[in-house]
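**Q** Structure: entry_18.csv, CSV, C-alpha atoms.
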chain,number,residue,atom,x,y,z
A,1297,MET,CA,27.6,-38.2,-50.8
A,1298,TYR,CA,24.9,-39.9,-53.0
A,1299,ASP,CA,25.1,-40.7,-56.7
A,1300,PHE,CA,21.8,-39.0,-57.3
A,1301,VAL,CA,19.5,-36.9,-55.1
A,1302,LEU,CA,15.8,-36.2,-56.0
A,1303,ARG,CA,14.3,-33.3,-54.1
A,1304,GLY,CA,10.8,-32.0,-54.1
A,1305,ARG,CA,7.2,-32.9,-53.0
A,1306,LEU,CA,7.0,-36.7,-52.4
A,1307,LEU,CA,3.9,-38.9,-52.0
A,1308,LYS,CA,5.0,-41.2,-49.2
A,1309,ASP,CA,2.6,-43.4,-47.1
A,1310,GLY,CA,-0.4,-41.6,-48.6
A,1311,LYS,CA,0.8,-38.1,-47.7
A,1312,VAL,CA,2.6,-35.4,-49.7
A,1313,ILE,CA,5.8,-34.3,-47.9
A,1314,GLU,CA,8.7,-32.0,-48.8
A,1315,GLY,CA,11.8,-34.1,-48.8
A,1316,SER,CA,14.8,-35.7,-50.6
A,1317,VAL,CA,15.7,-39.2,-51.8
A,1318,GLY,CA,19.3,-40.2,-51.8
A,1319,VAL,CA,20.3,-42.9,-54.3
A,1320,LEU,CA,23.3,-45.1,-54.4
A,1321,ASP,CA,23.9,-47.7,-57.1
A,1322,GLY,CA,20.4,-47.3,-58.4
A,1323,LYS,CA,18.8,-48.1,-55.0
A,1324,ILE,CA,17.1,-45.8,-52.5
A,1325,SER,CA,19.7,-45.2,-49.8
A,1326,ARG,CA,17.9,-42.6,-47.7
A,1327,ILE,CA,14.5,-40.8,-47.6
A,1328,SER,CA,14.8,-37.5,-45.7
A,1329,LEU,CA,12.7,-34.5,-44.8
A,1330,GLY,CA,15.9,-32.4,-45.1
A,1331,GLU,CA,18.2,-31.7,-48.0
A,1332,LEU,CA,20.7,-34.4,-49.1
A,1333,LYS,CA,23.8,-33.8,-51.1
A,1334,GLY,CA,24.6,-35.8,-54.3
A,1335,GLU,CA,26.9,-35.9,-57.3
A,1336,GLU,CA,23.8,-35.2,-59.4
A,1337,GLU,CA,20.9,-33.3,-57.8
A,1338,ILE,CA,17.4,-32.9,-59.4
A,1339,LYS,CA,15.0,-30.4,-57.9
A,1340,ILE,CA,11.5,-31.1,-58.9
A,1341,GLY,CA,9.4,-27.9,-59.4
A,1342,ARG,CA,6.9,-26.9,-56.8
A,1343,GLY,CA,3.9,-27.7,-59.0
A,1344,ASN,CA,5.0,-31.3,-59.5
A,1345,ILE,CA,4.7,-34.4,-57.3
A,1346,ILE,CA,7.1,-37.3,-57.1
A,1347,LEU,CA,5.2,-40.7,-57.0
A,1348,PRO,CA,6.8,-44.1,-56.5
A,1349,GLY,CA,7.4,-45.8,-59.9
A,1350,LEU,CA,4.1,-47.1,-61.2
A,1351,ILE,CA,3.6,-50.7,-62.3
A,1352,ASP,CA,1.4,-52.1,-65.1
A,1353,VAL,CA,0.7,-55.8,-64.5
A,1354,HIS,CA,-1.1,-56.4,-67.8
A,1355,VAL,CA,0.5,-55.4,-71.0
A,1356,HIS,CA,0.6,-57.0,-74.5
A,1357,LEU,CA,3.8,-56.1,-76.3
A,1358,ARG,CA,3.4,-58.3,-79.3
A,1359,ASP,CA,6.8,-58.5,-81.2
A,1360,PHE,CA,7.9,-61.9,-82.6
A,1361,LYS,CA,5.7,-62.3,-85.7
A,1362,GLN,CA,3.6,-59.3,-84.8
A,1363,ARG,CA,6.3,-56.6,-85.0
A,1364,ARG,CA,4.1,-54.5,-87.2
A,1365,LYS,CA,1.6,-54.1,-84.2
A,1366,GLU,CA,4.1,-53.4,-81.5
A,1367,THR,CA,7.7,-54.3,-80.4
A,1368,VAL,CA,9.3,-54.7,-77.0
A,1369,GLU,CA,11.2,-51.5,-77.9
A,1370,THR,CA,8.2,-49.4,-78.9
A,1371,GLY,CA,5.9,-50.7,-76.2
A,1372,THR,CA,8.4,-50.2,-73.3
A,1373,MET,CA,9.2,-46.7,-74.6
A,1374,ALA,CA,5.4,-46.1,-74.5
A,1375,ALA,CA,5.4,-47.3,-70.9
A,1376,LEU,CA,8.1,-44.9,-69.8
A,1377,HIS,CA,6.3,-42.1,-71.7
A,1378,GLY,CA,3.2,-42.9,-69.7
A,1379,GLY,CA,5.0,-43.0,-66.4
A,1380,ILE,CA,5.1,-46.8,-66.1
A,1381,THR,CA,8.5,-48.2,-64.8
A,1382,VAL,CA,7.6,-51.9,-64.8
A,1383,VAL,CA,5.5,-53.8,-67.3
A,1384,PHE,CA,4.1,-57.4,-67.1
A,1385,ASP,CA,4.5,-59.0,-70.5
A,1386,MET,CA,1.5,-61.2,-71.5
A,1387,PRO,CA,2.4,-64.4,-73.2
A,1388,ASN,CA,-0.3,-64.8,-75.9
A,1389,THR,CA,2.2,-63.8,-78.5
A,1390,ASP,CA,2.8,-65.3,-82.0
A,1391,PRO,CA,4.3,-67.8,-81.4
A,1392,PRO,CA,2.8,-68.1,-77.9
A,1393,VAL,CA,5.0,-68.5,-74.8
A,1394,VAL,CA,3.9,-72.1,-74.1
A,1395,ASP,CA,7.3,-73.8,-73.9
A,1396,SER,CA,10.6,-73.1,-72.2
A,1397,GLU,CA,12.5,-72.5,-75.5
A,1398,THR,CA,10.0,-69.7,-76.6
A,1399,PHE,CA,10.2,-68.3,-73.0
A,1400,ARG,CA,14.0,-68.2,-73.4
A,1401,ARG,CA,13.7,-66.3,-76.7
A,1402,ARG,CA,11.3,-63.9,-75.1
A,1403,ALA,CA,13.7,-63.3,-72.2
A,1404,GLU,CA,16.6,-62.6,-74.6
A,1405,LEU,CA,14.5,-60.2,-76.6
A,1406,PHE,CA,13.6,-58.2,-73.5
A,1407,ALA,CA,17.2,-58.2,-72.2
A,1408,ARG,CA,18.2,-56.5,-75.4
A,1409,LYS,CA,15.3,-54.2,-76.2
A,1410,SER,CA,13.3,-53.2,-73.1
A,1411,TYR,CA,13.4,-49.6,-71.9
A,1412,ALA,CA,11.3,-50.4,-68.8
A,1413,ASP,CA,11.9,-53.0,-66.2
A,1414,TYR,CA,9.7,-56.1,-66.8
A,1415,ALA,CA,8.1,-59.3,-65.6
A,1416,LEU,CA,7.8,-62.2,-68.1
A,1417,GLY,CA,4.7,-64.4,-68.4
A,1418,PHE,CA,4.1,-68.0,-69.4
A,1419,LEU,CA,0.8,-69.2,-71.0
A,1420,MET,CA,-0.7,-72.3,-69.4
A,1421,ASN,CA,-2.5,-74.9,-71.6
A,1422,GLY,CA,-1.8,-78.5,-70.3
A,1423,ASN,CA,2.0,-77.8,-70.3
A,1424,CYS,CA,3.0,-78.1,-66.6
A,1425,THR,CA,6.4,-79.6,-67.3
A,1426,GLU,CA,7.4,-76.8,-69.6
A,1427,ALA,CA,6.0,-74.3,-67.1
A,1428,ARG,CA,8.3,-75.6,-64.4
A,1429,ARG,CA,11.3,-75.4,-66.8
A,1430,ALA,CA,10.6,-71.9,-67.8
A,1431,ASN,CA,10.6,-70.3,-64.4
A,1432,ALA,CA,8.5,-67.3,-65.4
A,1433,ASP,CA,7.5,-64.4,-63.2
A,1434,PHE,CA,3.8,-65.1,-63.5
A,1435,TYR,CA,1.5,-67.5,-65.4
A,1436,LYS,CA,-1.5,-66.6,-67.6
A,1437,ILE,CA,-4.6,-68.7,-68.1
A,1438,PHE,CA,-7.4,-67.9,-70.6
A,1439,MET,CA,-10.6,-69.6,-69.6
A,1440,GLY,CA,-12.1,-68.9,-73.0
A,1441,ALA,CA,-10.7,-67.8,-76.4
A,1442,SER,CA,-9.3,-64.4,-76.8
A,1443,THR,CA,-6.6,-62.8,-78.9
A,1444,GLY,CA,-4.3,-65.7,-80.0
A,1445,GLY,CA,-7.0,-68.3,-79.6
A,1446,ILE,CA,-5.3,-70.5,-77.0
A,1447,PHE,CA,-7.3,-71.2,-73.8
A,1448,SER,CA,-7.1,-73.7,-71.0
A,1449,GLU,CA,-9.1,-77.0,-71.5
A,1450,ASN,CA,-8.8,-77.7,-67.7
A,1451,PHE,CA,-8.5,-74.5,-65.6
A,1452,GLU,CA,-8.2,-76.3,-62.3
A,1453,SER,CA,-5.3,-78.5,-63.5
A,1454,ASP,CA,-3.4,-75.6,-65.1
A,1455,TYR,CA,-3.9,-73.4,-62.1
A,1456,SER,CA,-3.0,-76.1,-59.7
A,1457,CYS,CA,0.3,-76.9,-61.4
A,1458,SER,CA,1.4,-73.3,-62.2
A,1459,PRO,CA,4.6,-72.7,-60.3
A,1460,GLY,CA,3.8,-69.1,-59.3
A,1461,VAL,CA,1.1,-66.4,-59.3
A,1462,VAL,CA,-1.6,-66.9,-61.9
A,1463,SER,CA,-3.4,-64.1,-63.8
A,1464,VAL,CA,-6.6,-65.4,-65.3
A,1465,HIS,CA,-8.7,-64.0,-68.2
A,1466,ALA,CA,-12.1,-65.1,-66.9
A,1467,GLU,CA,-14.6,-65.5,-69.7
A,1468,ASP,CA,-16.5,-68.7,-70.1
A,1469,ALA,CA,-15.6,-70.7,-73.3
A,1470,GLU,CA,-19.1,-72.3,-73.7
A,1471,ILE,CA,-20.9,-68.9,-73.5
A,1472,ILE,CA,-18.4,-67.3,-75.9
A,1473,SER,CA,-18.8,-70.1,-78.4
A,1474,SER,CA,-22.6,-69.6,-78.4
A,1475,ASN,CA,-22.6,-65.9,-78.0
A,1476,PRO,CA,-19.7,-64.0,-79.5
A,1477,GLU,CA,-21.0,-60.8,-78.0
A,1478,ARG,CA,-19.6,-62.0,-74.7
A,1479,PRO,CA,-22.5,-61.0,-72.4
A,1480,PRO,CA,-21.8,-60.2,-68.7
A,1481,GLU,CA,-22.7,-63.8,-67.8
A,1482,ALA,CA,-19.6,-65.0,-69.7
A,1483,GLU,CA,-17.5,-63.2,-67.2
A,1484,VAL,CA,-19.6,-63.8,-64.1
A,1485,ARG,CA,-19.8,-67.6,-64.7
A,1486,ALA,CA,-16.0,-67.8,-65.3
A,1487,ILE,CA,-15.1,-65.7,-62.2
A,1488,ASN,CA,-17.3,-67.9,-60.0
A,1489,ARG,CA,-15.7,-71.0,-61.4
A,1490,ALA,CA,-12.2,-69.6,-60.8
A,1491,LEU,CA,-13.2,-68.5,-57.3
A,1492,ASN,CA,-14.4,-72.0,-56.5
A,1493,VAL,CA,-11.1,-73.5,-57.5
A,1494,ALA,CA,-9.1,-70.7,-55.7
A,1495,GLU,CA,-11.0,-71.4,-52.5
A,1496,LYS,CA,-10.1,-75.1,-52.8
A,1497,LEU,CA,-6.5,-74.7,-53.7
A,1498,LYS,CA,-5.6,-71.5,-51.7
A,1499,LYS,CA,-3.1,-70.4,-54.4
A,1500,PRO,CA,-2.4,-66.8,-55.4
A,1501,LEU,CA,-4.7,-65.7,-58.2
A,1502,ASN,CA,-5.2,-62.4,-60.0
A,1503,VAL,CA,-8.4,-61.9,-62.0
A,1504,CYS,CA,-7.7,-59.7,-65.0
A,1505,HIS,CA,-9.9,-56.8,-66.2
A,1506,VAL,CA,-13.0,-57.3,-64.2
A,1507,SER,CA,-15.8,-55.4,-66.0
A,1508,THR,CA,-19.2,-56.5,-64.6
A,1509,THR,CA,-21.3,-55.9,-61.5
A,1510,GLY,CA,-21.7,-59.6,-60.9
A,1511,GLY,CA,-18.0,-60.2,-61.3
A,1512,ILE,CA,-16.7,-57.6,-58.9
A,1513,GLU,CA,-19.5,-58.5,-56.4
A,1514,ALA,CA,-18.6,-62.2,-56.5
A,1515,ILE,CA,-14.9,-61.5,-55.8
A,1516,LEU,CA,-15.6,-59.1,-53.0
A,1517,ARG,CA,-18.2,-61.4,-51.4
A,1518,ARG,CA,-15.8,-64.3,-51.3
A,1519,ASN,CA,-13.1,-62.1,-49.9
A,1520,LEU,CA,-10.3,-64.7,-50.4
A,1521,PRO,CA,-7.0,-63.1,-49.1
A,1522,TRP,CA,-5.0,-64.8,-51.9
A,1523,VAL,CA,-7.2,-63.5,-54.7
A,1524,SER,CA,-6.6,-60.1,-56.3
A,1525,PHE,CA,-8.1,-58.5,-59.3
A,1526,GLU,CA,-7.7,-55.7,-61.8
A,1527,VAL,CA,-9.9,-53.1,-63.5
A,1528,THR,CA,-8.9,-51.2,-66.6
A,1529,PRO,CA,-9.2,-47.5,-67.4
A,1530,HIS,CA,-11.3,-48.3,-70.5
A,1531,HIS,CA,-13.8,-50.1,-68.3
A,1532,LEU,CA,-13.8,-47.3,-65.8
A,1533,PHE,CA,-14.2,-44.5,-68.3
A,1534,LEU,CA,-16.0,-46.0,-71.4
A,1535,THR,CA,-19.3,-47.8,-71.9
A,1536,ARG,CA,-21.1,-49.8,-74.6
A,1537,ARG,CA,-22.6,-46.6,-75.9
A,1538,ASP,CA,-19.0,-45.4,-76.7
A,1539,TYR,CA,-18.4,-48.7,-78.6
A,1540,GLU,CA,-21.6,-48.3,-80.6
A,1541,GLY,CA,-20.4,-44.9,-81.7
A,1542,ASN,CA,-16.8,-46.1,-82.5
A,1543,PRO,CA,-16.3,-49.8,-83.5
A,1544,LEU,CA,-12.6,-49.4,-82.9
A,1545,LEU,CA,-13.4,-49.8,-79.2
A,1546,LYS,CA,-13.9,-53.5,-79.6
A,1547,VAL,CA,-12.2,-55.2,-76.7
A,1548,TYR,CA,-12.4,-58.4,-74.6
A,1549,PRO,CA,-14.1,-58.4,-72.2
A,1550,PRO,CA,-16.3,-55.8,-74.0
A,1551,LEU,CA,-17.3,-52.4,-72.8
A,1552,ARG,CA,-20.4,-52.7,-70.6
A,1553,ASP,CA,-23.6,-50.7,-70.0
A,1554,GLU,CA,-23.4,-47.8,-67.6
A,1555,GLU,CA,-24.7,-49.9,-64.6
A,1556,HIS,CA,-21.6,-52.0,-64.8
A,1557,ARG,CA,-19.2,-49.1,-65.1
A,1558,ARG,CA,-20.9,-47.5,-62.1
A,1559,ALA,CA,-20.4,-50.6,-60.0
A,1560,LEU,CA,-16.7,-50.5,-60.7
A,1561,TRP,CA,-16.5,-46.9,-59.4
A,1562,GLU,CA,-18.8,-47.6,-56.4
A,1563,ASN,CA,-16.4,-50.3,-55.3
A,1564,LEU,CA,-13.2,-48.6,-56.4
A,1565,SER,CA,-11.8,-48.3,-52.8
A,1566,ARG,CA,-11.8,-52.2,-52.7
A,1567,VAL,CA,-10.3,-52.6,-56.2
A,1568,PRO,CA,-6.7,-53.8,-55.6
A,1569,ILE,CA,-5.1,-53.1,-59.0
A,1570,ILE,CA,-5.6,-50.8,-62.0
A,1571,ALA,CA,-3.9,-52.1,-65.2
A,1572,SER,CA,-4.1,-51.0,-68.8
A,1573,ASP,CA,-4.4,-54.3,-70.7
A,1574,HIS,CA,-2.5,-52.3,-73.4
A,1575,ALA,CA,-3.4,-54.2,-76.6
A,1576,PRO,CA,-1.9,-52.5,-79.6
A,1577,HIS,CA,-3.2,-53.3,-83.1
A,1578,THR,CA,-2.8,-51.3,-86.4
A,1579,LEU,CA,-5.8,-49.3,-87.6
A,1580,GLU,CA,-6.1,-51.8,-90.4
A,1581,ASP,CA,-6.4,-54.7,-88.0
A,1582,LYS,CA,-8.9,-52.8,-85.8
A,1583,GLU,CA,-11.0,-52.0,-88.9
A,1584,SER,CA,-10.9,-55.8,-89.6
A,1585,GLY,CA,-12.3,-56.6,-86.2
A,1586,ALA,CA,-9.3,-57.1,-83.9
A,1587,ALA,CA,-10.1,-56.7,-80.2
A,1588,GLY,CA,-7.9,-54.5,-77.9
A,1589,ILE,CA,-7.3,-51.0,-76.8
A,1590,PRO,CA,-3.9,-49.3,-76.4
A,1591,GLY,CA,-3.5,-47.7,-73.0
A,1592,LEU,CA,0.1,-47.3,-71.8
A,1593,GLU,CA,0.4,-43.6,-72.6
A,1594,THR,CA,-3.0,-42.5,-71.3
A,1595,GLU,CA,-3.8,-44.6,-68.2
A,1596,VAL,CA,-2.0,-42.5,-65.6
A,1597,ALA,CA,-3.1,-39.3,-67.2
A,1598,LEU,CA,-6.7,-40.4,-67.2
A,1599,LEU,CA,-6.4,-41.2,-63.5
A,1600,LEU,CA,-4.8,-37.8,-62.8
A,1601,ASP,CA,-7.6,-36.2,-64.6
A,1602,ALA,CA,-10.1,-38.1,-62.4
A,1603,VAL,CA,-8.1,-36.9,-59.3
A,1604,ASN,CA,-8.7,-33.3,-60.5
A,1605,ARG,CA,-12.4,-34.1,-60.9
A,1606,GLY,CA,-12.6,-35.4,-57.3
A,1607,MET,CA,-13.3,-39.0,-58.3
A,1608,LEU,CA,-10.3,-40.5,-56.5
A,1609,GLU,CA,-7.1,-39.5,-54.6
A,1610,LEU,CA,-3.5,-39.4,-55.8
A,1611,SER,CA,-2.8,-42.0,-53.1
A,1612,ASP,CA,-5.3,-44.4,-54.8
A,1613,ILE,CA,-3.2,-44.4,-57.9
A,1614,VAL,CA,-0.1,-45.3,-55.9
A,1615,GLU,CA,-2.0,-48.0,-54.0
A,1616,LYS,CA,-3.4,-49.6,-57.1
A,1617,MET,CA,-0.4,-49.2,-59.5
A,1618,HIS,CA,2.5,-49.6,-57.0
A,1619,THR,CA,1.8,-50.9,-53.5
A,1620,ASN,CA,-0.7,-53.7,-54.4
A,1621,PRO,CA,1.1,-55.0,-57.5
A,1622,ILE,CA,4.2,-55.4,-55.4
A,1623,ARG,CA,2.3,-57.3,-52.8
A,1624,THR,CA,0.2,-59.4,-55.1
A,1625,PHE,CA,3.1,-60.6,-57.3
A,1626,GLY,CA,5.8,-60.7,-54.6
A,1627,ILE,CA,8.1,-58.1,-56.2
A,1628,ARG,CA,11.1,-58.0,-53.9
A,1629,ASN,CA,13.2,-55.2,-55.5
A,1630,LYS,CA,10.5,-52.5,-55.9
A,1631,GLY,CA,8.9,-50.2,-53.4
A,1632,PHE,CA,9.3,-46.7,-51.9
A,1633,GLU,CA,11.7,-47.7,-49.1
A,1634,VAL,CA,15.4,-47.9,-48.4
A,1635,GLY,CA,17.1,-50.8,-50.3
A,1636,ARG,CA,14.6,-50.9,-53.2
A,1637,ASP,CA,15.1,-49.7,-56.7
A,1638,ALA,CA,15.0,-45.9,-57.1
A,1639,ASP,CA,12.0,-45.7,-59.5
A,1640,PHE,CA,9.8,-42.6,-59.6
A,1641,THR,CA,6.9,-41.2,-61.7
A,1642,VAL,CA,6.8,-37.4,-61.6
A,1643,VAL,CA,3.5,-35.8,-62.3
A,1644,ASP,CA,2.1,-32.3,-62.9
A,1645,LEU,CA,-1.5,-32.5,-61.6
A,1646,LYS,CA,-2.4,-29.1,-63.2
A,1647,ARG,CA,-0.9,-29.5,-66.6
A,1648,GLU,CA,-3.5,-29.6,-69.4
A,1649,TRP,CA,-2.7,-31.4,-72.6
A,1650,LYS,CA,-4.4,-32.8,-75.7
A,1651,VAL,CA,-4.3,-36.5,-76.5
A,1652,LYS,CA,-2.5,-36.8,-79.9
A,1653,PRO,CA,-1.8,-40.5,-80.6
A,1654,GLU,CA,0.4,-39.7,-83.6
A,1655,GLU,CA,2.9,-38.3,-81.1
A,1656,PHE,CA,2.9,-41.5,-79.0
A,1657,TYR,CA,5.7,-44.1,-78.9
A,1658,THR,CA,3.3,-47.1,-79.4
A,1659,LYS,CA,2.9,-48.4,-82.9
A,1660,ALA,CA,-0.9,-48.2,-82.4
A,1661,LYS,CA,-1.4,-44.7,-83.6
A,1662,TRP,CA,-5.0,-44.4,-82.4
A,1663,ASN,CA,-6.5,-44.0,-79.0
A,1664,PRO,CA,-10.1,-43.8,-77.6
A,1665,TRP,CA,-9.3,-40.4,-76.1
A,1666,GLU,CA,-7.9,-38.8,-79.2
A,1667,GLY,CA,-8.5,-35.1,-79.2
A,1668,ARG,CA,-9.5,-35.1,-75.5
A,1669,THR,CA,-8.0,-32.5,-73.2
A,1670,LEU,CA,-6.8,-34.1,-70.0
A,1671,ARG,CA,-5.7,-32.3,-66.8
A,1672,GLY,CA,-2.7,-34.0,-65.3
A,1673,LYS,CA,0.4,-35.3,-67.0
A,1674,VAL,CA,3.5,-37.4,-66.4
A,1675,VAL,CA,6.5,-35.1,-66.9
A,1676,MET,CA,9.4,-37.3,-65.9
A,1677,THR,CA,10.1,-41.0,-65.3
A,1678,ILE,CA,13.1,-42.2,-63.3
A,1679,LEU,CA,14.3,-45.8,-63.4
A,1680,ARG,CA,16.9,-47.1,-60.9
A,1681,GLY,CA,18.1,-43.6,-60.3
A,1682,LYS,CA,18.3,-42.5,-63.9
A,1683,ILE,CA,16.0,-40.1,-65.8
A,1684,VAL,CA,14.6,-42.2,-68.6
A,1685,MET,CA,11.8,-39.9,-69.8
A,1686,GLU,CA,11.5,-36.1,-69.5
A,1687,GLU,CA,8.9,-33.9,-71.1
A,1688,ASP,CA,7.8,-36.5,-73.6
A,1689,GLU,CA,11.3,-37.4,-74.7
A,1690,ILE,CA,12.8,-40.9,-74.0
A,1691,VAL,CA,16.4,-40.4,-72.6
A,1692,GLY,CA,19.1,-43.0,-73.1
A,1693,LYS,CA,19.2,-46.6,-74.4
A,1694,PRO,CA,17.1,-49.7,-73.5
A,1695,GLU,CA,18.4,-50.6,-70.1
A,1696,GLY,CA,15.3,-52.4,-68.6
A,1697,VAL,CA,16.0,-55.4,-66.4
A,1698,ARG,CA,13.8,-58.3,-65.3
A,1699,ILE,CA,12.3,-57.7,-61.8
A,1700,ASN,CA,12.7,-60.0,-58.8
A,1701,ALA,CA,9.2,-61.5,-58.5
A,1702,GLY,CA,7.1,-64.5,-58.8
A,1703,LYS,CA,6.0,-66.2,-55.6
A,1704,GLY,CA,3.2,-63.9,-54.6
A,1705,ASN,CA,2.6,-62.6,-51.1
A,1706,PRO,CA,-1.1,-63.2,-50.1
Would you give me this structure, written as structure tokens?
**A**
Amino acid sequence: MYDFVLRGRLLKDGKVIEGSVGVLDGKISRISLGELKGEEEIKIGRGNIILPGLIDVHVHLRDFKQRRKETVETGTMAALHGGITVVFDMPNTDPPVVDSETFRRRAELFARKSYADYALGFLMNGNCTEARRANADFYKIFMGASTGGIFSENFESDYSCSPGVVSVHAEDAEIISSNPERPPEAEVRAINRALNVAEKLKKPLNVCHVSTTGGIEAILRRNLPWVSFEVTPHHLFLTRRDYEGNPLLKVYPPLRDEEHRRALWENLSRVPIIASDHAPHTLEDKESGAAGIPGLETEVALLLDAVNRGMLELSDIVEKMHTNPIRTFGIRNKGFEVGRDADFTVVDLKREWKVKPEEFYTKAKWNPWEGRTLRGKVVMTILRGKIVMEEDEIVGKPEGVRINAGKGNP
């Protein structure tokens, strides 16, 4: 007898099958094509599909001195609402996570307030000794200034001494300082520099939010097995023309011309990871020029809508938001297999709904897709064998825990 049994249509190894998952102590105990018996049994309706729990490896949850923009509590509730079971917390907070004491405070905050499971980041800036003391789950390097203003003065040194997987914001500091518009060359030059060092050091590297033809082509051409990269939904679905019509869409790296967006889609089969770069700001801050787009509550739905339009497959979403994040960041307790955490994202591919940011959990009560009707919706989120979100309602208390990750698996 299992504690919990989930029954319905499962996406497993790229195929939709009818089956059951038996859960004991929050872990997957058995995956069966037959019916299993449990103390609690949930039958997922025929129109819905059970995906493995989706992971967002790039999320800004603010808090500390920026509680008015977002808190760990509101941001992780937003994650569950959007079908995300694990978030990777970016360390360019206020104060920034650049020392072991601030990292300890961040860890304590998450242990008390997080609704989703989480990985904790550490910001590199000539602080190798503190990085070793912190023992973070991943390390972030900015090659040029972004939100928070701190960037690495010596990328190779910081990357070399990072104790684990590095996520890099690749925009060239020199080009940014002379051209605040951040042209494509700012990204392309930084990515090529990062790849040169990665080829030399052979250390796990994840390039964040690639947005340009030159950037994605450089990474794919080098084809270094220990280098991964992300693209965001906003770079996949929006262009510079959208920004020109709506200045709230200011983001770093900026939205690009159609040719760059098209290049991301043409190479989508070779894109390892999709991540939101959820960057919440108040409307007042956005109107004052803050850069960033909130995305936790729309990213999966946008991709489901694209599945309905024939632009990608459901299995692509699982690959880029579950399988590859687990491999890239060496996550040892997640995955759709026996012995791993029983995390699931249940979706209704046919449900149509209108984007209403005033009903979202994030404090950023605006969204680029406000008023848009999307086809495809997350209807339930399950974390370690417990339903934590159902039909837009968060269920229970903040019980997120830190994941077991950090060494990478190139």
**Q** So which one's closest to Ala1412 (chain A), A:Pro1549, A:Pro1387, A:Gly1445, A:Gly1349? Using only C-alpha atoms, please.
**A**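 Answer, going by the shortest atom-to-atom distance: A:Gly1349.
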**Q** Counting all atoms listed in the file, which residues of region 1342-1397 of chain A fall within 8 Å of region 1430-1444 of chain A, and what is the closest atom pair for each with its distance in Å at one decimal, ordered by chain and rising number, as a tab-separated table?
**A**
residue	atom	partner	partner_atom	distance
A:Met1386	CA	A:Lys1436	CA	7.3
A:Pro1387	CA	A:Lys1436	CA	7.2
A:Asn1388	CA	A:Gly1444	CA	5.8
A:Thr1389	CA	A:Gly1444	CA	6.9
A:Asp1390	CA	A:Gly1444	CA	7.4
A:Pro1392	CA	A:Gly1444	CA	7.8
A:Asp1395	CA	A:Ala1430	CA	7.2
A:Ser1396	CA	A:Ala1430	CA	4.6
A:Glu1397	CA	A:Ala1430	CA	8.0
**Q** Take the residues from that selection and put them in a file with C-alpha atoms, as an mmCIF file, keeping the file's coordinate frame.
**A**
data_model
loop_
_atom_site.group_PDB
_atom_site.id
_atom_site.type_symbol
_atom_site.label_atom_id
_atom_site.label_comp_id
_atom_site.auth_asym_id
_atom_site.auth_seq_id
_atom_site.Cartn_x
_atom_site.Cartn_y
_atom_site.Cartn_z
ATOM 1 C CA MET A 1386 1.500 -61.200 -71.500
ATOM 2 C CA PRO A 1387 2.400 -64.400 -73.200
ATOM 3 C CA ASN A 1388 -0.300 -64.800 -75.900
ATOM 4 C CA THR A 1389 2.200 -63.800 -78.500
ATOM 5 C CA ASP A 1390 2.800 -65.300 -82.000
ATOM 6 C CA PRO A 1392 2.800 -68.100 -77.900
ATOM 7 C CA ASP A 1395 7.300 -73.800 -73.900
ATOM 8 C CA SER A 1396 10.600 -73.100 -72.200
ATOM 9 C CA GLU A 1397 12.500 -72.500 -75.500
#
**Q** Calculated over all atoms listed in the file, which of the candidates A:His1531, A:Arg1364, A:Arg1400, A:Lys1616 has the smallest distance to Ala1559 (chain A)?
**A** A:His1531
**Q** Using only C-alpha atoms, which residues sit within 10 Å of Tyr1455 (chain A) once same-chain residues fewer than 3 positions away are excluded, as a list in words?
**A**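 Non-adjacent residues within range: Met1420, Asn1421, Gly1422, Cys1424, Tyr1435, Lys1436, Ile1437, Ser1448, Asn1450, Phe1451, Glu1452, Ser1458, Pro1459, Gly1460, Val1461, Val1462, Ser1463, Val1464, Ala1490, Val1493, Ala1494, Leu1497, Lys1499, Pro1500 and Leu1501 of chain A.
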**Q** One decimal, Å: what's the distance from CA of Thr1509 (chain A) over to CA of Val1547 (chain A), could you say?
**A**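 Value for the CA of Thr1509 (chain A)-CA of Val1547 (chain A) distance: 17.7 Å.
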**Q** For His1377 (chain A), which residue out of A:Asp1553, A:Phe1533, A:Leu1350, A:Leu1307 is the nearest one, using all atoms listed in the file?
**A**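 Ranked by minimum distance to His1377 (chain A), first place goes to A:Leu1350.
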**Q** Might I get the box with edges along x, y and z of the file that holds all atoms of region 1505-1517 of chain A listed there, padded by 3 Å on every side, given as centre and edge lengths in Å to one decimal, as lines of an AutoDock Vina configuration file?
**A**
center_x = -15.8
center_y = -58.8
center_z = -58.8
size_x = 17.8
size_y = 12.8
size_z = 20.8
**Q** Closest to Asp1413 (chain A) among A:Thr1381, A:Asn1519, A:Ser1572, A:Thr1658, using all atoms listed in the file?
**A**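 Selected residue with least distance to Asp1413 (chain A): A:Thr1381.
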**Q** Ranking A:Val1691, A:Ala1638, A:Met1676, A:Val1527 by minimum distance to Val1317 (chain A) and counting all atoms listed in the file, which one comes first?
**A**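 Smallest distance to Val1317 (chain A) is found for A:Ala1638.
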